[in-house]
Amino acid sequence: MKPASSAQRRATQQYKPSMPDDNQTVIPRSFIDLFIPPGAHRPREPREVVAARYELCEDMAQMLTEHARMKLFELGVTEEDVLARVHQGLLVPGSVVAEDEARWVVCRLAELLDWPMPVARPVA
């Protein structure tokens with residue numbers, strides 16, 4: 001490979017990506033849909049807010065995988081029961097996630113564990 005010319009080096013140094021690296025997170029449509037009001041086409045929150053909420057929820061789902069596996073073994077219950085218990089835990093007052101985000105976290109957790117998707121249950 002031929003060394004870069006001084007013009008190529010200058011062009012490389014002057015190149016600035018059109019989007020900052022921190023905006024490269026791909027947010028799944030299933031999560032974006034949580035922020036789109038019925039009848040609307042765009043989220044009600046700016047991308048930065050949606051991205052921050054997504055990262056929180058994704059991290060929570062990832063973090064809960066080992067806990068869920070352990071509860072399945074310890075309690076001797078079904079995968080559906082474990083997911084229902086996790087969902088209830090995410091809905092406690094003062095939780096860092098909203099109700100629809102809690103449902104998304106539980107669905108993502110099921111996906112990560114390769115468990116059946118939970119059936120939507122009414123909140124008691």
# chains A, B, ... in the order shown; residues from 1 in each chain; ligands from 1
>>> residues_around(residues="segment 88-100 of chain A", least_positions_apart="4", cutoff="8 Å", atoms="only C-alpha atoms", output="number ranges by chain")
A: 34, 57, 84, 104
>>> residues_around(residues="segment 78-80 of chain A", least_positions_apart="3", cutoff="7 Å", atoms="only C-alpha atoms", output="PyMOL selection string")
chain A and resi 72+83-84+115+118
>>> write_last_selection(atoms="C-alpha atoms", output="PDB file, in the first residue's frame")
ATOM      1  CA  LEU A  72     -35.730 -20.352  38.301  1.00  0.00           C
ATOM      2  CA  LEU A  83     -40.662 -13.212  34.417  1.00  0.00           C
ATOM      3  CA  ALA A  84     -43.918 -12.256  36.165  1.00  0.00           C
ATOM      4  CA  TRP A 115     -37.403 -18.155  27.243  1.00  0.00           C
ATOM      5  CA  PRO A 118     -44.391 -13.452  28.614  1.00  0.00           C
TER       6      PRO A 118
END
>>> closest_atom_pairs(of="segment 41-95 of chain A", to="segment 24-28 of chain A", cutoff="10 Å", atoms="only C-alpha atoms", output="Markdown table")
| residue | atom | partner | partner_atom | distance |
| --- | --- | --- | --- | --- |
| A:Arg47 | CA | A:Ile27 | CA | 9.6 |
| A:Val50 | CA | A:Ile27 | CA | 8.3 |
| A:Ala51 | CA | A:Ile27 | CA | 6.8 |
| A:Ala52 | CA | A:Thr25 | CA | 10.0 |
| A:Tyr54 | CA | A:Ile27 | CA | 6.9 |
| A:Glu55 | CA | A:Ile27 | CA | 8.7 |
| A:Glu58 | CA | A:Ile27 | CA | 9.8 |
>>> atom_distance(atom1="atom CA of Arg44 of chain A", atom2="atom CA of Leu109 of chain A")
25.4 Å
>>> atom_distance(atom1="atom CA of Gln62 of chain A", atom2="atom CA of Ala102 of chain A")
13.3 Å
>>> closest_residue(among="A:His41, A:Phe31, A:Ile36, A:Val105", to="Asp59 of chain A", atoms="only C-alpha atoms")
A:Val105
>>> select_by_dssp(residues="segment 35-96 of chain A", states="alpha helix (DSSP H)", output="number ranges by chain")
A: 47-75, 79-90
